[in-house]
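Peer 1: Sharing a structure with you now.
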Amino acid sequence: SAAQTQEKLRVAVVTPSTKSDLAFSQSIIDALLAIQEERGEENFEFVFSENMFVVEDAATALRDYASAGYDLVIAHGSQYGSSLSDIAPDFPDTAFAWGTTVDTFQDQGITNVYAYEARSEEGAFVMGVMAALLTESKVIGIVGPIETGDAKLYVDGFKAGVLWQDEEIEVLVNYIQSFSDLALAAAAAEAMLAEGADVLSGTAQMVPGAVNKVKEAGGLWFATQSNQSTLAPDNVVASQVYDWTYALNPIIEDVLAGEIMGEAYSLTLENGGLRIEFNEDFELDEDVKAAGEEVMQAIIDGDISFEVDEDGTLLVIEAEAG
Amino acid sequence: MQLNLPRSFHLGRTLDAFLPLFAVLLALFIGGFMILLMDANPLDAYRALWEGAFGTKNAVADTLVKATPLLLVGIGICISFRGGVVNIGGEGQMIAGGLAAVAIGLQYKESDPTTVIIACLVGSFVAGALWGGIAGVLKAYFNVNEILSTIMLNQIATFGMMYLVRSEFIDPRQKNAAAPIPETERLPRSLDLPRIGGTLDDLYDFLGLSAADANQWATTLLHNGIVIAFVLAIVVYVLLWRTTVGYRIRAVGKNPRASRYAGIKVEQYTVLSLMLSGGFAGLAGGIQLLGVRHRMNAEGGAIAFTGNAGFNGIVAALFGGLHPLGTIPASILFGALLVGGNKLQRSVQVPSALITALIGLVIVFVVASDIFVRHRSRRRVAVAVSEASAEAAEVRASP
Amino acid sequence: MIDDLITASVLASGIRLATPYLYAAIGETFGQRSGVLNLGVEGVMLMGAFTSLWAVYEITPAGATSYYGPALLAGVLVALLVGLVMGLATAVINVTLQAQQGISGIGIYLFGLGMSDLLFQKVFRGEVITVNGFPKVNIPVLSDLPVLGEIFFRQNLLVYLAFALVPVTWFVLNKTTLGLNIRAVGQNPEAADAMGISVTRVRYFTVTLGGMLASLAGASLSISLVNVFQQNMTAGQGFIAVALVYFGAWRARGVMFGALLFSLVNALQLQVRTKGIDVPDEYASMAPYLLTIIALIFASRRIDQPAALTKPFERGE
Amino acid sequence: MAMSTADHKLLPTGHERIDHMEMRGIVKRFPGVLAVDHVDFDVRAGEVHALLGENGAGKSTLMKILYGLYHPNEGEIFLDGERVTIKSPSDAIAWGIGMIHQHFMLVPSLTVAENVALGLKSTRAPLLDLDVVSARIKELAKTYGLQVDPAMPVWQLAVGERQRVEILKALYRGAALLILDEPTAVLTPQEVDDLFVTLRQMVSDGHALIFISHKLHEVLAISQRVTVLRDGHFVGTVPTAEATKASLARMMVGREVLLTYEVRAQQAGEPRLRVEGVRAASDRGTEALRGINLEVRAGEILGLAGVSGNGQRELAEVIFGLRPATTGQVVLDGQEVTGKSPCDLNKLGMSYIPEERMTDGVIRDFTVAENLMLQEHGLRPYSYSIFMNPRAITRRCAELIRSFNIRTPTQETPIKSLSGGNIQKLVLARELAREPAVLIAAQPTRGVDIGATEYIHQRLLDQRAKGTATLLISEDLDEILALADRIAVIYEGEIVGVVDRAEAQVEALGLMMAGVHREAVAG
Ligand SMILES: Nc1ncnc2c1ncn2[C@@H]1O[C@H](COP(=O)(O)OP(=O)(O)OP(=O)(O)O)[C@@H](O)[C@H]1O
Ligand SMILES: Nc1ncnc2c1ncn2[C@@H]1O[C@H](COP(=O)(O)OP(=O)(O)OP(=O)(O)O)[C@@H](O)[C@H]1O
Ligand SMILES: [Mg+2]
Ligand SMILES: [Mg+2]
């Protein structure tokens with residue numbers, strides 16, 4: 001077919017943490033592996049630079065990949081944006097992708113940068129609703145790293161879901177100001193458990209510390225960014241999984257077609273980029289699952305949608321019945 | 001006899017200069033097994049490391065850009081360690097400097113760029129100096145150990161930066177975004193530190209070297225921060241060994257009691273050492289901001305901005321024998337390892353952890369090899385001095 | 001209000017958080033008391049954290065739902081062994097080869113940081129796995145005490161052991177010939193040498209012991225506190241531990257107070273946020289660091305830093 | 001060793017004695033220095049063999065070789081005829097050799113008993129047996145007359161007491177041969193007498209002693225034989241009975257040495273330094289000064305006599321702004337300077353030669369030149385604005401090194417490789433050369449060889465002639481009597497009396513030093 005006569009597509013990705021972080025960086029690597037699987041190694045090659053916390057190192061890597069002739073260079077970290085806006089104009093024939101954001105620098109006259117993001121509040125909202133139905137103590141806790149970006153969206157969405165279902169529930173939120181301190185995440189979870197929380201969730205790579213405390217205490221856990229069921233088979237209810245292939249595939253199609261458009265893609269429940277994966281080992285009450293699926297459908301149908309106001313508050317917008 | 005000695009002298013010196021290089025090679029040899037373990041070819045890996053650090057003009061430029069904050073932090077470390085204080089606060093001081101630079105730059109983005117750039121750099125030095133000065137005052141007047149306070153102040157600076165960048169300093173464009181990126185506005189391009197590639201090309205032209213590779217440097221990211229750092233290294237050298245202030249800093253560092261007896265105000269010089277040291281780290285932050293980053297971003301914490309230069313600068317300074325001029329090659333070596341290491345990862349696709357471990361090995365081997373240099377140089381001094389004193393004895397005996 | 005914040009569970013959590021600091025800082029105290037600064041604690045902690053978890057994972061029978069004693073024992077032993085090896089290497093570098101202790105420590109740190117992650121990726125292909133770590137052991141009778149029981153006596157073995165080390169350390173340093181030698185070597189190695197004590201041997205001992213305790217500190221994270229491993233999971237704790245040695249003025253008890261102060265404030269600041277009290281998160285996170293400094297300003301202390309700290313010893317030829 | 005022969009008698013400590021120790025053809029080179037050049041030396045049980053020589057002659061080096069601290073480049077050591085290699089102090093200790101170092105080898109933060117127990121096998125190993133050690137210390141203290149409290153931390157002890165701890169350490173380890181490297185340098189005359197009692201007792205018990213001192217009268221009083229070194233060479237060994245101060249001095253220096261001075265009478269001028277009602281606390285928090293009143297006039301040397309530890313150090317530190325006075329004031333040339341910093345006092349022309357020169361007077365890692373410029377580096381012509389002027393500094397240092405005869409390979413040599421006496425000379429050179437208005441000189445000739453002592457005394461007198469007001473703090477009554485115009489005696493933080501030299505009598509001064517007031521003595 002067409003793809004076979006084509007030259008091999010070469011993709012490079014730069015990630016801030018390690019590719020095995022069970023969270024942000026791992027999700028993009030997993031997506032690229034899946035694409036490679038699908039398209040075949042002979043057609044699709046990808047390389048990565050991980051642990052690029054240092055932004056200037058990431059910039060060097062991006063530039064280097066672009067000059068080495070990679071067809072698509074992915075900057076998987078919102079902190080890489082300003083470097084990307086410097087680099088992209090120097091390589092007009094190379095496609096770049098920047099996650100997670102919606103900004104493609106069109107306003108700066110840059111046309112070869114794609115953007116991708118996950119509407120993580122959607123899945124978070126669904127899981128929040130289920131959490132509200134599952135809690136007996138009426139206390140729910142959420143552990144976050146720092147209050148920005150994807151983490152903030154997730155936390156806000158989860159909280160909104162809980163309160164949408166049941167306004168009486170107390171939601172404890174704790175941004176521990178660290179992506180790597182497992183002990184602190186564990187202690188934050190302990191504090192919440194001690195406050196009576198029986199259902200918890202959390203985002204970013206330090207959450208395994210918290211999962212473990214939930215496991216010890218016999219609480220319930222909702223995961224995000226990747227499937228964490230193996231961490232605590234008895235406690236993880238469901239995981240919101242990011243499938244970046246839904247954002248990457250359209251970009252790759254553009255690149256293969258030689259039409260670099262610089263568009264923005266979002267993972268949503270609707271397009272399947274966001275999936276709620278239920279833990280098979282966990283016996284979830286059918287009613288709760290049904291309620292979750294119902295909300296999910298409402299979001300997919302656009303009956304429930306989300307907006308962020310000027311203060312950064314997440315608003316839940318319900319379409320009028322009918 | 002007189003002809004003989006100087007020759008062996010030089011030979012000895014040269015060998016000393018190569019000993020650390022042997023140590024690096026030995027560390028890389030051992031690291032080769034680690035690379036094998038990760039199913040990669042060590043030779044390819046090291047070729048990539050070399051290429052990444054020095055292989056192209058771009059690589060050399062990246063290495064020098066990486067070396068700049070290391071050198072600036074390092075010369076500050078030379079001051080503080082010579083002054084008897086262990087400044088582990090480079091990270092926090094760099095952040096203070098970066099914040100000051102971005103604040104000044106954004107505040108006066110309409111004004112004359114040259115003036116603003118200078119104001120940003122001065123501001124970053126002052127901010128770093130004040131942040132370092134806290135540890136200085138705590139040590140001099142409250143007896144709080146500076147290792148403790150600087151480690152703590154690093155964290156405090158990081159959290160402070162994260163707060164400011166998320167709230168007061170946040171880019172107005174991000175403020176209302178659904179998922180705001182915690183970063184400041186980018187400084188206007190007029191405030192970017194001037195690139196010096198063009199000048200270098202002119203220099204090549206002038207020297208008649210440009211035939212083959214004309215205008216090779218112009219496109220690199222090399223900015224004039226490296227020039228500032230080189231000049232300041234010399235300034236610090238002069239400060240430490242040619243001025244009364246430096247003399248007093250060193251005296252206090254070696255023996256505060258005797259210094260006090262000799263009439264030196266020990267507390268003031270302790271504070272001064274930490275302030276100067278912090279100032280240079282702050283300037284490293286300022287230069288990093290104007291030359292490389294152009295904005296602050298809270299994601300990834302301190303390291304995303306500093307690249308660990310606050311710590312690595314200590315290593316560079318100690319590699320350089322706590323001598324500002326020795327710190328120059330040391331920071332270039334270290335910058336090369338970091339830049340080349342990243343290239344190694346890209347080229348042979350080994351985990352970044354391998355490079356981290358490799359750099360650790362190199363550091364350990366180089367410091368451990370130091371003892372041989374010291375012993376050799378001591379022996380050499382012995383020979384030289386006994387020659388000198390024999391000569392002196394002859395002179396005395398002759399009349 | 002205050003009652004709400006300082007609850008038994010917050011205090012208990014603070015005590016748990018203090019455990020890794022305590023192991024690492026006590027190990028460092030031994031080294032520094034004999035005149036050797038080891039800044040590489042964090043690297044050794046990470047190695048200990050990974051290897052002990054690996055051992056526990058390998059030995060625990062597949063499908064086990066609760067802890068498996070022999071595996072935990074093996075985890076601790078492996079951590080001690082790894083610490084021994086890294087400690088010995090540190091001693092060779094710092095004592096025999098007389099390396100600048102500041103830099104060699106950073107080298108060891110980076111090596112441990114990289115190596116632990118590398119092994120993790122090699123062994124587990126980078127998958128985060130959990131193990132069944134040390135379970136809580138309720139001390140009979142005492143654990144039933146109101147409040148105090150929850151705070152002190154419902155912890156796990158590695159927590160108890162860490163606190164038990166405090167009086168043991170005090171005893172070893174002050175009541176044994178070994179302790180006397182350590183103190184003398186750290187204060188005046190020339191004098192100790194002139195009395196026929198092998199400065200080198202004493203320092204090898206303390207630095208190796210320091211390595212073992214640092215490694216155990218790592219294990220106390222990975223197989224007792226959080227039961228998982230992740231790259232760089234120590235997140236700077238090793239450096240804080242070094243700072244705590246200065247805080248404690250080179251005494252086990254002082255180090256313990258420092259570790260407790262730091263960790264309790266940390267637990268408390270988490271509680272403040274859990275309670276939804278309106279403080280910017282970053283300010284709350286600063287609190288432990290800030291208070292540690294402030295505590296030192298007000299603590300009037302007699303400071304006797306080991307006079308030979310960081311100074312390699314070499315007898316005149 | 002096991003075959004105990006009849007003539008191998010045991011010492012009272014229960015250890016075997018060393019009948020004869022011999023060093024032959026010892027050579028030791030240091031960077032730039034031939035410190036010991038083919039030296040022979042021996043000592044027998046039951047004798048004190050004194051080792052004499054100028055500063056830097058190689059005495060300490062030779063002894064450190066015997067104690068295993070240095071390894072000789074050439075030469076052999078024999079113990080009772082048997083050739084031995086001494087690789088380390090523990091070897092030396094095992095052979096029954098003990099050493100008391102010129103600079104004390106004590107751990108200040110430890111107690112006396114802990115210092116003694118250091119390196120010994122405990123009877124309750126691995127636990128400490130400090131009670132056993134303390135008991136044994138008390139026993140030894142009684143046998144040899146060495147009073148000291150085993151439970152005291154060493155940093156709280158006076159120098160004389162520290163000396164005793166050093167001897168106790170050696171005795172405890174059963175030193176059959178004891179090396180004493182300038183043990184009297186820091187002792188008061190009374191303490192020296194006490195020490196000699198101990199040493200004589202040891203000799204009669206069969207110990208072999210090696211005694212190093214710059215004080216010829218001590219050597220003449222205690223030793224049976226004297227060996228003299230000069231510049232690392234062996235000059236000769238003579239029986240003490242055949243030696244005199246003058247002959248020994250000639251052997252050491254190679255020329256005649258003036259052993260007395262002519263102090264020209266001189267009219268003292270205006271008071272330059274006044275101390276009025278000064279009280280101050282000691283490091284331990286006790287009251288060290290209890291209302292001191294003193295006056296030193298231009299062109300006058302005021303000797304401050306007293307047993308060490310009676311407030312001399314605290315007084316000097318208060319005057320020099322290093323220690324706060326709780327009450328009272330210090331007046332310099334009519335201007336009150338109480339509490340001013342050493343920096344300001346330096347500028348006002350005050351100069352201080354601290355007693356602890358190793359820690360307070362020099363920076364060990366600095367070079368000779370850098371140490372010489374410690375105060376003056378900020379003045380013209382040694383610096384202009386903040387820049388130092390290396391040429392002027394080099395010239396200045398060369399001059400000081402020459403005029404004070406400091407033995408150093410170069411100006412750039414780190415001061416720590418100079419011999420003890422030469423370090424002392426350097427400090428004196430620095431302080432005297434500034435021609436101060438007021439000079440506080442604490443123990444200025446302690447540890448300095450006789451040639452240098454002569455020179456320093458001469459310089460103090462020259463300074464006096466130029467109008468300097470000097471406060472000479474010394475425990476050496478001979479020195480005070482030789483130089484001072486007036487003598488003040490300090491006892492427990494109070495001045496018990498001031499006498500003119502002309503009227504001073506040694507016995508009366510001795511009584512005052514023991515706390516008897518001048519009025520009482522006179523009356
Ligand atoms: N960790 C501890 N456990 C039990 N008792 C202790 C501990 N630390 C100190 N103590 C008790 O407190 C007393 C004083 O403690 P401190 O720390 O001042 O003594 P130290 O460690 O012996 O100090 P130094 O080495 O300066 O003598 C000790 O003598 C001991 O009785
Ligand atoms: N460790 C060393 N390194 C270099 N040179 C040394 C060292 N120790 C001593 N010297 C040199 O060896 C020579 C002899 O020194 P030594 O200490 O033996 O003299 P000394 O006779 O004991 O003098 P003093 O009476 O001043 O104590 C001196 O020139 C000194 O500078
Ligand atoms: Mg005690
Ligand atoms: Mg001597």
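Chain identifiers are assigned as A, B, and so on, following the order in which chains appear in the structure tokens; residues are numbered from 1 within each chain, and ligands are numbered from 1 in order of appearance.
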From a DSSP pass on the backbone, collect the residues of stretch 339-505 of chain D flagged as alpha helix (DSSP H) and hand them back as a ChimeraX atom specification.

Peer 2: /D:342-347,368-372,390-403,420-433,450-465,477-483

Peer 1: Go ahead and dump the residues you just picked, C-alpha atoms, as a PDB file, in the first residue's frame.

Peer 2:
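Below you can see result.pdb, which holds the result:
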ATOM      1  CA  PRO D 342      41.361  44.865  67.333  1.00  0.00           C
ATOM      2  CA  CYS D 343      41.094  46.452  63.924  1.00  0.00           C
ATOM      3  CA  ASP D 344      40.630  49.931  65.385  1.00  0.00           C
ATOM      4  CA  LEU D 345      43.247  49.345  68.058  1.00  0.00           C
ATOM      5  CA  ASN D 346      45.741  48.269  65.430  1.00  0.00           C
ATOM      6  CA  LYS D 347      45.177  51.553  63.699  1.00  0.00           C
ATOM      7  CA  VAL D 368      55.623  33.116  55.459  1.00  0.00           C
ATOM      8  CA  ALA D 369      55.063  36.324  53.522  1.00  0.00           C
ATOM      9  CA  GLU D 370      51.314  36.238  53.961  1.00  0.00           C
ATOM     10  CA  ASN D 371      51.692  35.707  57.669  1.00  0.00           C
ATOM     11  CA  LEU D 372      54.095  38.579  57.973  1.00  0.00           C
ATOM     12  CA  PRO D 390      53.552  42.418  45.794  1.00  0.00           C
ATOM     13  CA  ARG D 391      56.856  44.108  45.239  1.00  0.00           C
ATOM     14  CA  ALA D 392      56.679  46.222  48.357  1.00  0.00           C
ATOM     15  CA  ILE D 393      55.494  43.195  50.297  1.00  0.00           C
ATOM     16  CA  THR D 394      58.360  41.040  49.085  1.00  0.00           C
ATOM     17  CA  ARG D 395      60.848  43.700  50.009  1.00  0.00           C
ATOM     18  CA  ARG D 396      59.331  44.151  53.425  1.00  0.00           C
ATOM     19  CA  CYS D 397      59.260  40.440  54.130  1.00  0.00           C
ATOM     20  CA  ALA D 398      62.810  39.928  52.997  1.00  0.00           C
ATOM     21  CA  GLU D 399      63.856  42.617  55.439  1.00  0.00           C
ATOM     22  CA  LEU D 400      61.936  41.085  58.324  1.00  0.00           C
ATOM     23  CA  ILE D 401      63.200  37.589  57.584  1.00  0.00           C
ATOM     24  CA  ARG D 402      66.744  38.844  57.530  1.00  0.00           C
ATOM     25  CA  SER D 403      66.643  41.067  60.578  1.00  0.00           C
ATOM     26  CA  GLY D 420      58.363  25.864  66.219  1.00  0.00           C
ATOM     27  CA  GLY D 421      60.848  28.528  67.210  1.00  0.00           C
ATOM     28  CA  ASN D 422      60.919  30.086  63.807  1.00  0.00           C
ATOM     29  CA  ILE D 423      57.173  30.498  63.839  1.00  0.00           C
ATOM     30  CA  GLN D 424      57.550  32.348  67.128  1.00  0.00           C
ATOM     31  CA  LYS D 425      60.176  34.598  65.653  1.00  0.00           C
ATOM     32  CA  LEU D 426      57.942  35.396  62.751  1.00  0.00           C
ATOM     33  CA  VAL D 427      55.142  36.610  65.005  1.00  0.00           C
ATOM     34  CA  LEU D 428      57.552  38.741  66.970  1.00  0.00           C
ATOM     35  CA  ALA D 429      59.051  40.156  63.838  1.00  0.00           C
ATOM     36  CA  ARG D 430      55.634  41.141  62.602  1.00  0.00           C
ATOM     37  CA  GLU D 431      54.493  42.803  65.802  1.00  0.00           C
ATOM     38  CA  LEU D 432      57.711  44.563  66.719  1.00  0.00           C
ATOM     39  CA  ALA D 433      58.463  45.824  63.258  1.00  0.00           C
ATOM     40  CA  ILE D 450      68.910  31.672  73.044  1.00  0.00           C
ATOM     41  CA  GLY D 451      70.202  33.539  70.044  1.00  0.00           C
ATOM     42  CA  ALA D 452      66.731  34.633  69.174  1.00  0.00           C
ATOM     43  CA  THR D 453      65.887  35.388  72.800  1.00  0.00           C
ATOM     44  CA  GLU D 454      68.819  37.698  72.910  1.00  0.00           C
ATOM     45  CA  TYR D 455      67.671  39.403  69.780  1.00  0.00           C
ATOM     46  CA  ILE D 456      64.074  39.750  70.922  1.00  0.00           C
ATOM     47  CA  HIS D 457      65.110  41.233  74.226  1.00  0.00           C
ATOM     48  CA  GLN D 458      67.276  43.674  72.415  1.00  0.00           C
ATOM     49  CA  ARG D 459      64.375  44.629  70.173  1.00  0.00           C
ATOM     50  CA  LEU D 460      62.078  45.159  73.143  1.00  0.00           C
ATOM     51  CA  LEU D 461      64.647  47.457  74.645  1.00  0.00           C
ATOM     52  CA  ASP D 462      65.109  49.306  71.365  1.00  0.00           C
ATOM     53  CA  GLN D 463      61.393  49.759  71.200  1.00  0.00           C
ATOM     54  CA  ARG D 464      61.417  51.111  74.717  1.00  0.00           C
ATOM     55  CA  ALA D 465      64.081  53.608  73.741  1.00  0.00           C
ATOM     56  CA  LEU D 477      60.920  36.008  86.432  1.00  0.00           C
ATOM     57  CA  ASP D 478      64.449  36.194  85.035  1.00  0.00           C
ATOM     58  CA  GLU D 479      63.122  37.724  81.881  1.00  0.00           C
ATOM     59  CA  ILE D 480      61.018  40.240  83.759  1.00  0.00           C
ATOM     60  CA  LEU D 481      63.826  41.167  86.052  1.00  0.00           C
ATOM     61  CA  ALA D 482      66.119  41.621  83.086  1.00  0.00           C
ATOM     62  CA  LEU D 483      63.843  43.885  81.105  1.00  0.00           C
TER      63      LEU D 483
END

Peer 1: Could you please tell me, as a list of chain:residue names, which residues of chain D have an atom within 6 Å of chain B when using only C-alpha atoms?

Peer 2: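 Within 6 Å of chain B on chain D, we get D:Pro31, D:Gly32, D:Pro342, D:Cys343, D:Asp360, D:Gly361, D:Val362, D:Ile363, D:Gln375, D:Ile386, D:Phe387, D:Met388.
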
Peer 1: Compile the contact shell of B:Ile359 as a PyMOL selection string: residues with an atom at most 7 Å away, counting only C-alpha atoms, same-chain residues fewer than 4 positions apart removed.

Peer 2: (chain B and resi 355+363) or (chain C and resi 110)

Peer 1: Could the residues that lie within 6 Å of ligand 2, counting only C-alpha atoms and all ligand atoms, be listed as a list in words?

Peer 2: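 Taking only C-alpha atoms and all ligand atoms into account, the residues around ligand 2 at most 6 Å away are Gly316 of chain C; Phe30, Pro31, Val33, Ala35, Glu54, Asn55, Gly56, Ala57, Gly58, Lys59, Ser60, Thr61, Ser417, Leu418, Ser419, Gly420, Gly421 and Asn422 of chain D.
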
Peer 1: Taking C-alpha atoms for each residue, export the selection above as a JSON list (two decimals), in the first residue's frame.

Peer 2:
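out-v3.json, written as the output of this step:
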[["chain", "number", "residue", "atom", "x", "y", "z"],
["C", 316, "GLY", "CA", 54.24, 13.19, 57.91],
["D", 30, "PHE", "CA", 62.03, 17.44, 53.90],
["D", 31, "PRO", "CA", 61.06, 19.45, 50.87],
["D", 33, "VAL", "CA", 65.43, 21.07, 53.98],
["D", 35, "ALA", "CA", 66.49, 18.51, 58.64],
["D", 54, "GLU", "CA", 68.74, 26.52, 67.79],
["D", 55, "ASN", "CA", 65.26, 26.69, 66.38],
["D", 56, "GLY", "CA", 65.09, 24.46, 63.36],
["D", 57, "ALA", "CA", 68.23, 22.53, 64.26],
["D", 58, "GLY", "CA", 66.37, 19.25, 63.85],
["D", 59, "LYS", "CA", 65.71, 18.21, 67.44],
["D", 60, "SER", "CA", 62.03, 17.50, 67.10],
["D", 61, "THR", "CA", 62.56, 15.77, 63.79],
["D", 417, "SER", "CA", 56.66, 23.55, 57.73],
["D", 418, "LEU", "CA", 58.79, 25.94, 59.78],
["D", 419, "SER", "CA", 60.22, 24.80, 63.09],
["D", 420, "GLY", "CA", 58.36, 25.86, 66.22],
["D", 421, "GLY", "CA", 60.85, 28.53, 67.21],
["D", 422, "ASN", "CA", 60.92, 30.09, 63.81]]

Peer 1: Taking only C-alpha atoms into account, which residues of chain B are within 10 Å of chain A, as JSON, numbers by chain?

Peer 2: {"B": [52, 58, 59, 62, 65, 66, 159, 162, 163, 166, 174, 175, 176, 177, 178, 179, 180, 181, 182, 183, 185, 186, 221, 288, 292, 293, 294, 295, 296, 297, 298, 299, 300, 301, 302, 303, 304, 305, 306, 307, 308, 338, 339, 342, 343, 344, 345, 346, 347, 348, 349, 350, 351, 352, 353]}

Peer 1: I need the chain A residues near chain C as a PyMOL selection string; criterion: at most 8 Å, counting only C-alpha atoms.

Peer 2: chain A and resi 19-22+172-177+180-184+186-188+190-192+194+208-210+212-213+230-232

Peer 1: When distances are computed from only C-alpha atoms and all ligand atoms, which of D:Ala268, D:Met251, D:Leu110, D:Ala45 shows the smallest separation from ligand 3?

Peer 2: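 Looking at the shortest contact to ligand 3, the residue is D:Leu110.
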
Peer 1: Using only C-alpha atoms and a distance of at most 8 Å, pull out the residues of chain C that contact chain D, as JSON, numbers by chain.

Peer 2: {"C": [175, 176, 177, 178, 180, 181, 184, 187, 188, 190, 191, 192, 193, 194, 195, 196, 197, 315, 316, 317]}

Peer 1: Considering only C-alpha atoms and all ligand atoms, state which residue in the set C:Trp170, C:Phe153, C:Phe313, C:Phe205 is at the smallest distance from ligand 3.

Peer 2: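 Checking each candidate against ligand 3, we get C:Trp170 as the closest.
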
Peer 1: Have a look at atom CA of A:Glu216 and atom CA of C:Val141 and let me know their distance in Å, one decimal.

Peer 2: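 Atom-to-atom, atom CA of A:Glu216 and atom CA of C:Val141 are spaced 22.8 Å apart.
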
Peer 1: Please return as a list in words: the residues of stretch 137-248 of chain D that backbone DSSP assigns to strand (DSSP E).

Peer 2: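 So the strand (DSSP E) residues in stretch 137-248 of chain D would be Leu177, Leu178, Ile179, Leu180, Asp181, Ala208, Leu209, Ile210, Phe211, Ile212, Arg225, Val226, Thr227, Val228, Leu229, Arg230, His233, Phe234, Val235, Gly236, Thr237, Val238 and Pro239 of chain D.
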
Peer 1: With only C-alpha atoms as the basis for distance, which of C:Ser220, C:Asn174, C:Ser104, C:Thr208 is at the shortest distance from chain B?

Peer 2: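 Ranking C:Ser220, C:Asn174, C:Ser104, C:Thr208 by distance to chain B, first place goes to C:Ser104.
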
Peer 1: Hey, could you make a per-residue contact list for chain C against chain B with 7 Å as the cut-off, showing the nearest pair of atoms and its distance in Å to one decimal, counting only C-alpha atoms, sorted by chain and number, as CSV?

Peer 2:
residue,atom,partner,partner_atom,distance
C:Ile93,CA,B:Ala368,CA,5.8
C:Leu97,CA,B:Ala368,CA,5.5
C:Gln98,CA,B:Ile371,CA,6.5
C:Ala99,CA,B:Ala368,CA,5.0
C:Gln100,CA,B:Val367,CA,6.4
C:Ile103,CA,B:Val315,CA,5.4
C:Ser104,CA,B:Val364,CA,5.2
C:Gly107,CA,B:Gly360,CA,4.0
C:Ile108,CA,B:Gly360,CA,5.9
C:Leu110,CA,B:Gly360,CA,4.6
C:Phe111,CA,B:Ala357,CA,3.9
C:Gly112,CA,B:Ala357,CA,6.7
C:Leu113,CA,B:Ala357,CA,6.8
C:Gly114,CA,B:Ala353,CA,4.2
C:Met115,CA,B:Ala357,CA,5.5
C:Asp117,CA,B:Ala353,CA,5.9
C:Leu118,CA,B:Ala353,CA,5.6
C:Ala243,CA,B:Leu148,CA,4.4
C:Tyr246,CA,B:Leu148,CA,6.5
C:Glu282,CA,B:Phe159,CA,5.1
C:Met286,CA,B:Ile156,CA,5.4
C:Tyr289,CA,B:Met152,CA,5.1
C:Ile293,CA,B:Ser149,CA,6.2
C:Leu296,CA,B:Val144,CA,6.2
C:Ile297,CA,B:Phe142,CA,5.7
